[in-house]
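Chemist: Data file structure-v2.cif (mmCIF, C-alpha atoms and all ligand atoms) is appended below.
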```cif
data_coords
loop_
_atom_site.group_PDB
_atom_site.id
_atom_site.type_symbol
_atom_site.label_atom_id
_atom_site.label_comp_id
_atom_site.auth_asym_id
_atom_site.auth_seq_id
_atom_site.Cartn_x
_atom_site.Cartn_y
_atom_site.Cartn_z
ATOM 1 C CA MET U 35 -51.309 26.592 51.537
ATOM 2 C CA THR U 36 -51.057 29.518 49.199
ATOM 3 C CA ASP U 37 -54.162 31.624 48.703
ATOM 4 C CA PRO U 38 -55.937 29.950 45.733
ATOM 5 C CA SER U 39 -56.346 33.216 43.839
ATOM 6 C CA PRO U 40 -53.587 35.684 44.714
ATOM 7 C CA PRO U 41 -52.854 38.495 42.247
ATOM 8 C CA LEU U 42 -50.593 37.397 39.427
ATOM 9 C CA ILE U 43 -48.011 39.916 40.574
ATOM 10 C CA GLU U 44 -47.955 42.197 43.594
ATOM 11 C CA ILE U 45 -45.056 44.614 44.026
ATOM 12 C CA HIS U 46 -44.694 47.373 46.607
ATOM 13 C CA GLY U 47 -41.794 49.809 46.850
ATOM 14 C CA LEU U 48 -39.403 47.664 44.823
ATOM 15 C CA THR U 49 -35.837 48.946 44.629
ATOM 16 C CA LYS U 50 -32.825 47.639 42.734
ATOM 17 C CA THR U 51 -29.480 49.380 42.404
ATOM 18 C CA TYR U 52 -26.474 48.299 40.343
ATOM 19 C CA GLY U 53 -23.461 49.777 42.156
ATOM 20 C CA SER U 54 -24.563 53.354 42.728
ATOM 21 C CA HIS U 55 -26.997 53.344 39.783
ATOM 22 C CA PRO U 56 -30.629 52.966 40.923
ATOM 23 C CA VAL U 57 -32.622 51.152 38.240
ATOM 24 C CA LEU U 58 -35.872 50.427 40.081
ATOM 25 C CA ASP U 59 -36.833 53.157 42.487
ATOM 26 C CA GLY U 60 -39.872 52.355 44.621
ATOM 27 C CA LEU U 61 -41.856 50.546 41.946
ATOM 28 C CA ASP U 62 -45.471 49.577 42.716
ATOM 29 C CA LEU U 63 -47.459 47.241 40.475
ATOM 30 C CA THR U 64 -50.352 44.865 41.027
ATOM 31 C CA LEU U 65 -51.568 42.729 38.139
ATOM 32 C CA PRO U 66 -54.484 40.287 37.962
ATOM 33 C CA PRO U 67 -54.198 37.075 35.909
ATOM 34 C CA GLY U 68 -54.216 37.824 32.167
ATOM 35 C CA VAL U 69 -51.906 39.136 29.480
ATOM 36 C CA HIS U 70 -49.840 42.178 30.375
ATOM 37 C CA ALA U 71 -47.248 44.244 28.562
ATOM 38 C CA LEU U 72 -44.447 46.198 30.140
ATOM 39 C CA LEU U 73 -43.213 49.070 28.013
ATOM 40 C CA GLY U 74 -40.264 51.295 28.600
ATOM 41 C CA PRO U 75 -37.452 52.960 26.725
ATOM 42 C CA ASN U 76 -34.176 51.110 26.373
ATOM 43 C CA GLY U 77 -32.445 50.915 29.757
ATOM 44 C CA ALA U 78 -35.658 51.565 31.703
ATOM 45 C CA GLY U 79 -35.199 48.395 33.753
ATOM 46 C CA LYS U 80 -37.654 46.000 32.094
ATOM 47 C CA THR U 81 -35.240 43.081 31.959
ATOM 48 C CA THR U 82 -34.118 43.787 35.515
ATOM 49 C CA LEU U 83 -37.735 43.608 36.684
ATOM 50 C CA ILE U 84 -38.396 40.389 34.739
ATOM 51 C CA LYS U 85 -35.244 38.831 36.217
ATOM 52 C CA ILE U 86 -36.374 39.728 39.741
ATOM 53 C CA LEU U 87 -39.878 38.347 39.167
ATOM 54 C CA SER U 88 -38.531 35.137 37.660
ATOM 55 C CA THR U 89 -36.105 34.472 40.581
ATOM 56 C CA LEU U 90 -32.924 35.158 38.585
ATOM 57 C CA LEU U 91 -31.941 38.306 40.445
ATOM 58 C CA PRO U 92 -32.456 39.278 44.109
ATOM 59 C CA HIS U 93 -34.024 42.672 44.720
ATOM 60 C CA ASP U 94 -32.726 45.190 47.244
ATOM 61 C CA GLY U 95 -35.863 46.494 48.926
ATOM 62 C CA GLY U 96 -39.648 46.417 48.895
ATOM 63 C CA SER U 97 -41.932 43.422 48.655
ATOM 64 C CA VAL U 98 -42.501 41.178 45.642
ATOM 65 C CA ARG U 99 -45.018 38.375 45.243
ATOM 66 C CA VAL U 100 -45.473 36.343 42.073
ATOM 67 C CA LEU U 101 -48.448 33.946 42.141
ATOM 68 C CA GLY U 102 -48.463 34.628 45.880
ATOM 69 C CA LEU U 103 -44.842 33.513 46.334
ATOM 70 C CA ASP U 104 -41.715 35.446 47.256
ATOM 71 C CA PRO U 105 -39.160 34.984 44.440
ATOM 72 C CA ARG U 106 -36.271 35.393 46.890
ATOM 73 C CA HIS U 107 -37.364 32.942 49.564
ATOM 74 C CA GLU U 108 -39.709 30.568 47.731
ATOM 75 C CA ARG U 109 -37.550 30.265 44.659
ATOM 76 C CA ARG U 110 -37.907 26.559 43.928
ATOM 77 C CA ARG U 111 -41.697 26.490 44.281
ATOM 78 C CA LEU U 112 -42.066 29.530 42.089
ATOM 79 C CA GLN U 113 -39.697 28.166 39.439
ATOM 80 C CA GLY U 114 -42.061 25.214 39.015
ATOM 81 C CA MET U 115 -44.945 27.581 38.194
ATOM 82 C CA ILE U 116 -43.338 30.034 35.760
ATOM 83 C CA SER U 117 -41.291 30.038 32.599
ATOM 84 C CA LEU U 118 -39.023 32.622 31.085
ATOM 85 C CA THR U 119 -38.311 32.893 27.381
ATOM 86 C CA GLY U 120 -36.910 35.523 25.100
ATOM 87 C CA GLN U 121 -33.526 37.051 25.553
ATOM 88 C CA PHE U 122 -32.244 34.168 27.694
ATOM 89 C CA ALA U 123 -32.949 31.408 25.172
ATOM 90 C CA ALA U 124 -33.034 27.961 26.750
ATOM 91 C CA VAL U 125 -32.683 26.176 23.426
ATOM 92 C CA ASP U 126 -29.470 24.193 22.764
ATOM 93 C CA GLY U 127 -28.478 24.671 19.122
ATOM 94 C CA ALA U 128 -26.662 21.335 18.933
ATOM 95 C CA LEU U 129 -29.822 19.338 19.730
ATOM 96 C CA THR U 130 -32.829 18.768 17.465
ATOM 97 C CA SER U 131 -36.154 20.455 18.206
ATOM 98 C CA LEU U 132 -37.565 17.299 19.751
ATOM 99 C CA GLU U 133 -34.399 16.534 21.727
ATOM 100 C CA ASN U 134 -34.512 20.032 23.200
ATOM 101 C CA LEU U 135 -38.071 19.574 24.437
ATOM 102 C CA GLU U 136 -37.388 16.039 25.698
ATOM 103 C CA MET U 137 -34.333 17.201 27.610
ATOM 104 C CA LEU U 138 -36.234 20.041 29.274
ATOM 105 C CA GLY U 139 -39.113 17.697 30.077
ATOM 106 C CA ARG U 140 -36.676 15.355 31.836
ATOM 107 C CA LEU U 141 -35.182 18.320 33.714
ATOM 108 C CA PHE U 142 -38.670 19.080 34.988
ATOM 109 C CA GLY U 143 -38.979 15.508 36.232
ATOM 110 C CA LEU U 144 -41.191 13.994 33.511
ATOM 111 C CA PRO U 145 -40.622 10.290 32.749
ATOM 112 C CA ALA U 146 -38.953 9.768 29.333
ATOM 113 C CA ALA U 147 -42.149 8.672 27.555
ATOM 114 C CA SER U 148 -44.126 11.646 28.872
ATOM 115 C CA ALA U 149 -41.329 14.084 27.987
ATOM 116 C CA ARG U 150 -41.404 12.724 24.433
ATOM 117 C CA SER U 151 -45.175 12.828 24.028
ATOM 118 C CA ARG U 152 -45.396 16.302 25.537
ATOM 119 C CA GLY U 153 -42.528 17.432 23.286
ATOM 120 C CA LEU U 154 -44.265 16.044 20.200
ATOM 121 C CA ALA U 155 -47.558 17.684 21.172
ATOM 122 C CA LEU U 156 -45.859 21.063 21.601
ATOM 123 C CA LEU U 157 -44.043 20.764 18.260
ATOM 124 C CA GLU U 158 -47.393 20.038 16.632
ATOM 125 C CA ARG U 159 -49.054 22.930 18.433
ATOM 126 C CA PHE U 160 -46.380 25.405 17.291
ATOM 127 C CA GLY U 161 -46.282 24.190 13.683
ATOM 128 C CA LEU U 162 -42.809 22.700 14.174
ATOM 129 C CA ALA U 163 -43.659 19.013 13.663
ATOM 130 C CA ASP U 164 -41.782 18.877 10.348
ATOM 131 C CA SER U 165 -38.663 20.217 12.086
ATOM 132 C CA ARG U 166 -38.619 17.720 14.932
ATOM 133 C CA ASP U 167 -35.323 16.199 13.754
ATOM 134 C CA THR U 168 -33.748 19.496 12.660
ATOM 135 C CA ARG U 169 -30.899 20.866 14.737
ATOM 136 C CA ALA U 170 -32.091 23.992 16.513
ATOM 137 C CA SER U 171 -29.057 25.947 15.273
ATOM 138 C CA THR U 172 -30.280 25.562 11.673
ATOM 139 C CA LEU U 173 -33.877 26.713 12.310
ATOM 140 C CA SER U 174 -34.955 30.153 11.083
ATOM 141 C CA GLY U 175 -35.084 32.957 13.655
ATOM 142 C CA GLY U 176 -38.881 32.797 13.883
ATOM 143 C CA MET U 177 -38.940 28.998 14.269
ATOM 144 C CA ARG U 178 -36.223 29.097 16.887
ATOM 145 C CA ARG U 179 -38.179 31.677 18.862
ATOM 146 C CA LYS U 180 -41.274 29.451 18.669
ATOM 147 C CA LEU U 181 -39.213 26.498 19.882
ATOM 148 C CA ASP U 182 -37.975 28.663 22.731
ATOM 149 C CA ILE U 183 -41.548 29.464 23.776
ATOM 150 C CA ALA U 184 -42.586 25.803 23.369
ATOM 151 C CA ALA U 185 -39.662 24.827 25.620
ATOM 152 C CA GLY U 186 -40.995 27.180 28.261
ATOM 153 C CA LEU U 187 -44.354 25.408 28.183
ATOM 154 C CA ILE U 188 -43.033 21.905 28.902
ATOM 155 C CA SER U 189 -43.644 22.401 32.606
ATOM 156 C CA ARG U 190 -47.209 23.727 32.080
ATOM 157 C CA PRO U 191 -46.450 27.074 33.752
ATOM 158 C CA ARG U 192 -49.195 29.323 35.083
ATOM 159 C CA LEU U 193 -47.241 32.435 34.147
ATOM 160 C CA VAL U 194 -44.953 32.915 31.158
ATOM 161 C CA PHE U 195 -42.483 35.796 31.028
ATOM 162 C CA LEU U 196 -41.604 36.829 27.485
ATOM 163 C CA ASP U 197 -38.731 39.287 27.392
ATOM 164 C CA GLU U 198 -38.888 41.056 24.025
ATOM 165 C CA PRO U 199 -40.212 37.912 22.315
ATOM 166 C CA THR U 200 -40.229 39.289 18.781
ATOM 167 C CA THR U 201 -37.186 41.572 18.758
ATOM 168 C CA GLY U 202 -35.143 40.903 15.626
ATOM 169 C CA LEU U 203 -37.914 39.004 13.807
ATOM 170 C CA ASP U 204 -39.378 40.071 10.483
ATOM 171 C CA THR U 205 -42.991 41.252 10.345
ATOM 172 C CA ARG U 206 -44.381 37.900 9.210
ATOM 173 C CA SER U 207 -42.640 35.854 11.906
ATOM 174 C CA ARG U 208 -43.688 38.433 14.461
ATOM 175 C CA ARG U 209 -47.326 38.030 13.510
ATOM 176 C CA VAL U 210 -47.104 34.235 13.646
ATOM 177 C CA LEU U 211 -45.652 34.500 17.128
ATOM 178 C CA TRP U 212 -48.419 36.910 18.155
ATOM 179 C CA GLU U 213 -50.952 34.269 17.193
ATOM 180 C CA GLU U 214 -49.180 31.717 19.383
ATOM 181 C CA ILE U 215 -49.072 34.123 22.297
ATOM 182 C CA GLY U 216 -52.771 34.851 21.771
ATOM 183 C CA THR U 217 -53.495 31.122 21.927
ATOM 184 C CA LEU U 218 -51.582 30.821 25.181
ATOM 185 C CA ALA U 219 -53.755 33.496 26.668
ATOM 186 C CA ALA U 220 -56.913 31.813 25.394
ATOM 187 C CA GLU U 221 -55.805 28.631 27.162
ATOM 188 C CA GLY U 222 -55.679 30.511 30.442
ATOM 189 C CA THR U 223 -51.908 30.937 30.793
ATOM 190 C CA SER U 224 -50.978 34.353 32.098
ATOM 191 C CA VAL U 225 -48.307 36.285 30.234
ATOM 192 C CA LEU U 226 -46.091 39.226 31.136
ATOM 193 C CA LEU U 227 -44.235 40.443 28.084
ATOM 194 C CA THR U 228 -41.784 43.255 27.614
ATOM 195 C CA THR U 229 -41.664 44.916 24.258
ATOM 196 C CA GLN U 230 -40.336 47.959 22.492
ATOM 197 C CA TYR U 231 -43.170 47.701 19.949
ATOM 198 C CA LEU U 232 -46.260 49.588 21.010
ATOM 199 C CA GLU U 233 -48.188 47.859 18.265
ATOM 200 C CA GLU U 234 -47.293 44.543 19.883
ATOM 201 C CA ALA U 235 -48.479 45.658 23.304
ATOM 202 C CA ASP U 236 -51.690 46.917 21.739
ATOM 203 C CA ALA U 237 -52.267 43.662 19.822
ATOM 204 C CA LEU U 238 -51.574 41.274 22.688
ATOM 205 C CA ALA U 239 -52.040 42.790 26.092
ATOM 206 C CA GLU U 240 -55.213 43.520 28.019
ATOM 207 C CA GLN U 241 -53.236 45.883 30.229
ATOM 208 C CA ILE U 242 -50.153 47.928 29.358
ATOM 209 C CA HIS U 243 -47.842 49.461 31.957
ATOM 210 C CA VAL U 244 -45.141 51.991 31.214
ATOM 211 C CA LEU U 245 -41.845 51.874 33.118
ATOM 212 C CA HIS U 246 -39.897 55.116 33.347
ATOM 213 C CA ASP U 247 -37.363 56.493 35.829
ATOM 214 C CA GLY U 248 -37.559 53.279 37.836
ATOM 215 C CA ARG U 249 -41.296 53.397 38.408
ATOM 216 C CA ILE U 250 -44.547 52.558 36.700
ATOM 217 C CA VAL U 251 -45.775 55.898 35.375
ATOM 218 C CA ALA U 252 -49.001 54.764 33.728
ATOM 219 C CA GLY U 253 -51.122 51.705 33.236
ATOM 220 C CA GLY U 254 -54.364 50.689 31.628
ATOM 221 C CA THR U 255 -55.802 49.497 28.356
ATOM 222 C CA ALA U 256 -54.441 50.994 25.135
ATOM 223 C CA GLU U 257 -57.555 53.175 24.939
ATOM 224 C CA GLU U 258 -57.164 54.421 28.503
ATOM 225 C CA LEU U 259 -53.544 55.293 27.818
ATOM 226 C CA LYS U 260 -54.442 57.182 24.660
ATOM 227 C CA GLU U 261 -56.854 59.288 26.682
ATOM 228 C CA LEU U 262 -53.885 60.506 28.719
ATOM 229 C CA VAL U 263 -52.489 62.371 25.735
ATOM 230 C CA GLY U 264 -55.718 64.220 25.190
ATOM 231 C CA GLY U 265 -57.544 65.331 22.096
ATOM 232 C CA ALA U 266 -55.215 65.509 19.145
ATOM 233 C CA VAL U 267 -51.585 65.429 18.120
ATOM 234 C CA VAL U 268 -49.989 67.778 15.602
ATOM 235 C CA HIS U 269 -47.451 66.116 13.322
ATOM 236 C CA VAL U 270 -44.914 68.423 11.658
ATOM 237 C CA HIS U 271 -43.515 66.962 8.400
ATOM 238 C CA ASP U 272 -40.666 67.882 6.086
ATOM 239 C CA ALA U 273 -41.061 67.829 2.295
ATOM 240 C CA ASP U 274 -40.460 64.022 2.210
ATOM 241 C CA GLY U 275 -43.194 63.395 4.743
ATOM 242 C CA THR U 276 -40.760 62.560 7.546
ATOM 243 C CA VAL U 277 -42.199 63.559 10.899
ATOM 244 C CA LEU U 278 -39.987 66.253 12.403
ATOM 245 C CA GLU U 279 -41.953 66.738 15.584
ATOM 246 C CA GLU U 280 -45.079 65.416 17.309
ATOM 247 C CA LEU U 281 -46.918 67.838 19.530
ATOM 248 C CA PRO U 282 -49.664 66.623 21.844
ATOM 249 C CA THR U 283 -52.520 69.072 22.371
ATOM 250 C CA THR U 284 -55.684 69.218 24.424
ATOM 251 C CA GLY U 285 -57.622 69.372 21.151
ATOM 252 C CA THR U 286 -58.998 72.904 21.736
ATOM 253 C CA THR U 287 -58.607 75.472 18.984
ATOM 254 C CA ALA U 288 -56.551 77.658 21.313
ATOM 255 C CA ASP U 289 -54.094 74.877 22.123
ATOM 256 C CA LEU U 290 -53.871 73.772 18.490
ATOM 257 C CA ALA U 291 -53.147 77.368 17.439
ATOM 258 C CA ALA U 292 -50.460 77.704 20.111
ATOM 259 C CA ARG U 293 -48.764 74.457 19.046
ATOM 260 C CA LEU U 294 -48.914 75.419 15.379
ATOM 261 C CA ALA U 295 -47.372 78.802 16.206
ATOM 262 C CA HIS U 296 -44.561 76.989 18.007
ATOM 263 C CA ALA U 297 -44.090 74.675 15.015
ATOM 264 C CA ALA U 298 -44.216 77.610 12.560
ATOM 265 C CA ALA U 299 -41.475 79.426 14.446
ATOM 266 C CA ARG U 300 -39.236 76.386 14.418
ATOM 267 C CA TRP U 301 -40.066 74.849 11.001
ATOM 268 C CA PRO U 302 -41.472 77.637 8.803
ATOM 269 C CA GLU U 303 -41.253 75.530 5.607
ATOM 270 C CA ALA U 304 -42.789 72.382 7.066
ATOM 271 C CA THR U 305 -46.325 71.064 6.704
ATOM 272 C CA ALA U 306 -48.524 70.056 9.625
ATOM 273 C CA SER U 307 -51.370 67.596 10.124
ATOM 274 C CA VAL U 308 -53.611 66.750 13.054
ATOM 275 C CA HIS U 309 -54.064 63.140 14.255
ATOM 276 C CA ARG U 310 -55.848 61.175 16.937
ATOM 277 C CA PRO U 311 -53.223 60.102 19.478
ATOM 278 C CA THR U 312 -51.536 56.751 18.949
ATOM 279 C CA LEU U 313 -49.787 54.625 21.542
ATOM 280 C CA ASP U 314 -46.515 56.079 20.220
ATOM 281 C CA ASP U 315 -47.742 59.506 21.245
ATOM 282 C CA VAL U 316 -48.591 58.169 24.692
ATOM 283 C CA PHE U 317 -45.159 56.683 25.005
ATOM 284 C CA LEU U 318 -43.422 59.921 23.994
ATOM 285 C CA HIS U 319 -45.694 61.928 26.256
ATOM 286 C CA LEU U 320 -44.905 59.762 29.263
ATOM 287 C CA THR U 321 -41.209 59.182 28.729
ATOM 288 C CA GLU U 322 -39.973 62.491 27.344
ATOM 289 C CA ALA U 323 -41.850 64.894 29.576
ATOM 290 C CA PRO U 324 -41.016 65.236 33.281
ATOM 291 C CA ARG U 325 -42.650 62.344 35.145
ATOM 292 C CA ALA U 326 -46.393 62.428 34.559
ATOM 293 C CA PRO U 327 -48.864 61.810 37.359
ATOM 294 C CA VAL U 328 -49.669 58.130 37.787
ATOM 295 C CA ALA U 329 -52.709 57.275 35.720
ATOM 296 C CA ALA U 330 -55.541 54.843 36.070
ATOM 297 C CA ARG U 331 -54.619 51.513 37.640
ATOM 298 C CA ALA U 332 -50.868 52.154 37.598
HETATM 299 P P1 LIG W 401 -34.268 47.404 29.728
HETATM 300 O O1 LIG W 401 -34.569 45.937 29.740
HETATM 301 O O2 LIG W 401 -35.492 48.236 29.998
HETATM 302 O O3 LIG W 401 -33.542 47.862 28.501
HETATM 303 P P2 LIG W 401 -32.306 46.761 31.797
HETATM 304 O O4 LIG W 401 -33.049 46.193 32.959
HETATM 305 O O5 LIG W 401 -31.599 45.802 30.908
HETATM 306 O O6 LIG W 401 -33.295 47.715 30.970
HETATM 307 O O7 LIG W 401 -31.231 47.805 32.327
HETATM 308 C C1 LIG W 401 -31.568 48.903 33.157
HETATM 309 C C2 LIG W 401 -30.307 49.687 33.491
HETATM 310 O O8 LIG W 401 -29.481 48.914 34.337
HETATM 311 C C3 LIG W 401 -29.459 50.052 32.293
HETATM 312 O O9 LIG W 401 -28.926 51.342 32.527
HETATM 313 C C4 LIG W 401 -28.373 49.012 32.280
HETATM 314 O O10 LIG W 401 -27.193 49.527 31.716
HETATM 315 C C5 LIG W 401 -28.184 48.737 33.776
HETATM 316 N N1 LIG W 401 -27.768 47.345 34.045
HETATM 317 C C6 LIG W 401 -28.432 46.232 33.663
HETATM 318 N N2 LIG W 401 -27.774 45.117 34.117
HETATM 319 C C7 LIG W 401 -26.704 45.559 34.812
HETATM 320 C C8 LIG W 401 -25.655 44.909 35.527
HETATM 321 N N3 LIG W 401 -25.595 43.567 35.633
HETATM 322 N N4 LIG W 401 -24.709 45.696 36.112
HETATM 323 C C9 LIG W 401 -24.777 47.036 36.026
HETATM 324 N N5 LIG W 401 -25.734 47.712 35.366
HETATM 325 C C10 LIG W 401 -26.679 47.002 34.758
#
```
Take the structure from the file and write it as structure tokens.

Modeler:
Amino acid sequence: MTDPSPPLIEIHGLTKTYGSHPVLDGLDLTLPPGVHALLGPNGAGKTTLIKILSTLLPHDGGSVRVLGLDPRHERRRLQGMISLTGQFAAVDGALTSLENLEMLGRLFGLPAASARSRGLALLERFGLADSRDTRASTLSGGMRRKLDIAAGLISRPRLVFLDEPTTGLDTRSRRVLWEEIGTLAAEGTSVLLTTQYLEEADALAEQIHVLHDGRIVAGGTAEELKELVGGAVVHVHDADGTVLEELPTTGTTADLAARLAHAAARWPEATASVHRPTLDDVFLHLTEAPRAPVAARA
């Protein structure tokens, strides 16, 4: 028997190399059940990590446990407990919304009547009941993404991986999807999402981890991460208000004066303003500077 309450994810020294290009380089990460966001610049290895955790890609070295199981050697058991949606959409455009859910239900071994009733319940739950007989290929981007997430829930997974779930959606559809993801969490389903939107990580995740140079360089709540940047950030603007440069400071008068002197030398005509750090500042601080020391609960 598996331990009844293993960590959601437990990774030690994970390595993955494509050819001679190391993507994950001794990554450590332990996550309790809950909603987590993985942030990293483009090419950081987020999708690679999600593929390893969801059994789609074997890793090279280190140890990986998802819900207490090894994705390499306990693949089938783990596949029955997780779902993956996002960039690898499972939805078949030629089938209707309901047919898609019924087909996936059957693939997961549900009898036909149960697959249908579960499919109908999920369509209702995601506000897609009116589109049950609409071909998936003709749904709007936001509706299709919701159908994709609903499809991932057919098997009642304990952990849902969402790889950039709202990329390409307009603001309204993104917010609707956030609500659905929030509901998932309230129902006790754990979520690991990757996102390029810091606002999204802040809105959805209890814990945010930042992936950079093949490792987790920081982790914690949004507030804990903001504390890493320190007291205040100087924004340097051009005449149109476009931010030319963001300069983190410790918040002391001496540091502010030094940063302003630097800005004045570089942009003598620009204006400057002082802000509380945002998650964007944290992200820049962690991913543009040389690797920062690992922060709280990384
Ligand atoms: P992210 O999701 O953070 O954008 P990825 O995991 O997709 O990052 O990619 C990480 C790095 O690995 C990138 O430099 C990418 O070009 C490279 N990469 C991803 N998949 C492959 C592959 N199948 N073969 C070779 N290189 C790859």

Chemist: Specify as a CSV table (one decimal) with C-alpha atoms, keeping the file's coordinate frame each residue included when the PyMOL selection byres (((not hetatm)) within 12 of (chain W and resi 401)) is applied to this file.

Modeler:
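Below is the file that was written, part_38.csv:
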```csv
chain,number,residue,atom,x,y,z
U,50,LYS,CA,-32.8,47.6,42.7
U,51,THR,CA,-29.5,49.4,42.4
U,52,TYR,CA,-26.5,48.3,40.3
U,53,GLY,CA,-23.5,49.8,42.2
U,54,SER,CA,-24.6,53.4,42.7
U,55,HIS,CA,-27.0,53.3,39.8
U,56,PRO,CA,-30.6,53.0,40.9
U,57,VAL,CA,-32.6,51.2,38.2
U,58,LEU,CA,-35.9,50.4,40.1
U,59,ASP,CA,-36.8,53.2,42.5
U,72,LEU,CA,-44.4,46.2,30.1
U,73,LEU,CA,-43.2,49.1,28.0
U,74,GLY,CA,-40.3,51.3,28.6
U,75,PRO,CA,-37.5,53.0,26.7
U,76,ASN,CA,-34.2,51.1,26.4
U,77,GLY,CA,-32.4,50.9,29.8
U,78,ALA,CA,-35.7,51.6,31.7
U,79,GLY,CA,-35.2,48.4,33.8
U,80,LYS,CA,-37.7,46.0,32.1
U,81,THR,CA,-35.2,43.1,32.0
U,82,THR,CA,-34.1,43.8,35.5
U,83,LEU,CA,-37.7,43.6,36.7
U,84,ILE,CA,-38.4,40.4,34.7
U,85,LYS,CA,-35.2,38.8,36.2
U,86,ILE,CA,-36.4,39.7,39.7
U,90,LEU,CA,-32.9,35.2,38.6
U,91,LEU,CA,-31.9,38.3,40.4
U,92,PRO,CA,-32.5,39.3,44.1
U,120,GLY,CA,-36.9,35.5,25.1
U,121,GLN,CA,-33.5,37.1,25.6
U,196,LEU,CA,-41.6,36.8,27.5
U,197,ASP,CA,-38.7,39.3,27.4
U,198,GLU,CA,-38.9,41.1,24.0
U,227,LEU,CA,-44.2,40.4,28.1
U,228,THR,CA,-41.8,43.3,27.6
U,229,THR,CA,-41.7,44.9,24.3
U,230,GLN,CA,-40.3,48.0,22.5
U,244,VAL,CA,-45.1,52.0,31.2
U,245,LEU,CA,-41.8,51.9,33.1
U,246,HIS,CA,-39.9,55.1,33.3
U,247,ASP,CA,-37.4,56.5,35.8
U,248,GLY,CA,-37.6,53.3,37.8
U,249,ARG,CA,-41.3,53.4,38.4
```

Chemist: Using the chain letters and numbering of this document, enumerate as a ChimeraX atom specification the residues selected by the PyMOL selection byres (((chain U and resi 268-276) around 10) and not hetatm).

Modeler: /U:266-267,277-283,285,290,293-294,297-298,301,303-311

Chemist: For the structure provided, state which residues fall under the PyMOL selection byres (((chain U and resi 217-222) around 12) and not hetatm), and present them as a PyMOL selection string.

Modeler: chain U and resi 67-70+156+159-160+183-184+186-187+190-196+210-216+223-227+238-240

Chemist: What does the distance from atom CA of U:Asp236 to atom CA of U:Asp62 come to in Å, to one decimal?

Modeler: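 Atom CA of U:Asp236 sits 22.0 Å away from atom CA of U:Asp62.
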
Chemist: Given the choices U:Ser88, U:Ala71, U:Ala252, U:Ser189, which gets closest to U:Thr321 if the distance is worked out from only C-alpha atoms?

Modeler: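 Residue with the minimum atom-to-atom distance to U:Thr321: U:Ala252.
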
Chemist: With 8 Å added on each side, what axis-aligned box encloses every listed atom of stretch 289-299 of chain U? Give the centre and edge lengths in Å to one decimal, as AutoDock Vina command-line options.

Modeler:
```
--center_x -47.8 --center_y 76.6 --center_z 17.3 --size_x 28.6 --size_y 21.7 --size_z 25.6
```

Chemist: One number please: atom CA of U:Gly47 to atom CA of U:Arg106, in Å, one decimal.

Modeler: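 One can read the atom CA of U:Gly47 to atom CA of U:Arg106 distance as 15.4 Å.
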
Chemist: I'd like the interatomic distance between atom CA of U:Arg110 and atom CA of U:Ser39, to a tenth of an Å.

Modeler: 19.6 Å

Chemist: For each of U:Thr286, U:Thr49, U:Thr172, U:Gln241, take the minimum atom-to-atom distance to U:Asp126, counting only C-alpha atoms, then give the residue where this is smallest.

Modeler: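 Checking each of U:Thr286, U:Thr49, U:Thr172, U:Gln241 against U:Asp126, counting only C-alpha atoms, the winner is U:Thr172.
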
Chemist: So, with all atoms listed in the file as the atoms that count, which of U:Leu318, U:Val263, U:Ser131, U:Ala288 lies closest to U:Ala170?

Modeler: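 Closest to U:Ala170, using all atoms listed in the file: U:Ser131.
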
Chemist: Smallest atom-to-atom distance to U:Ala185: which of U:Pro145, U:Pro105, U:Gly202, U:Gly139, using all atoms listed in the file?

Modeler: U:Gly139
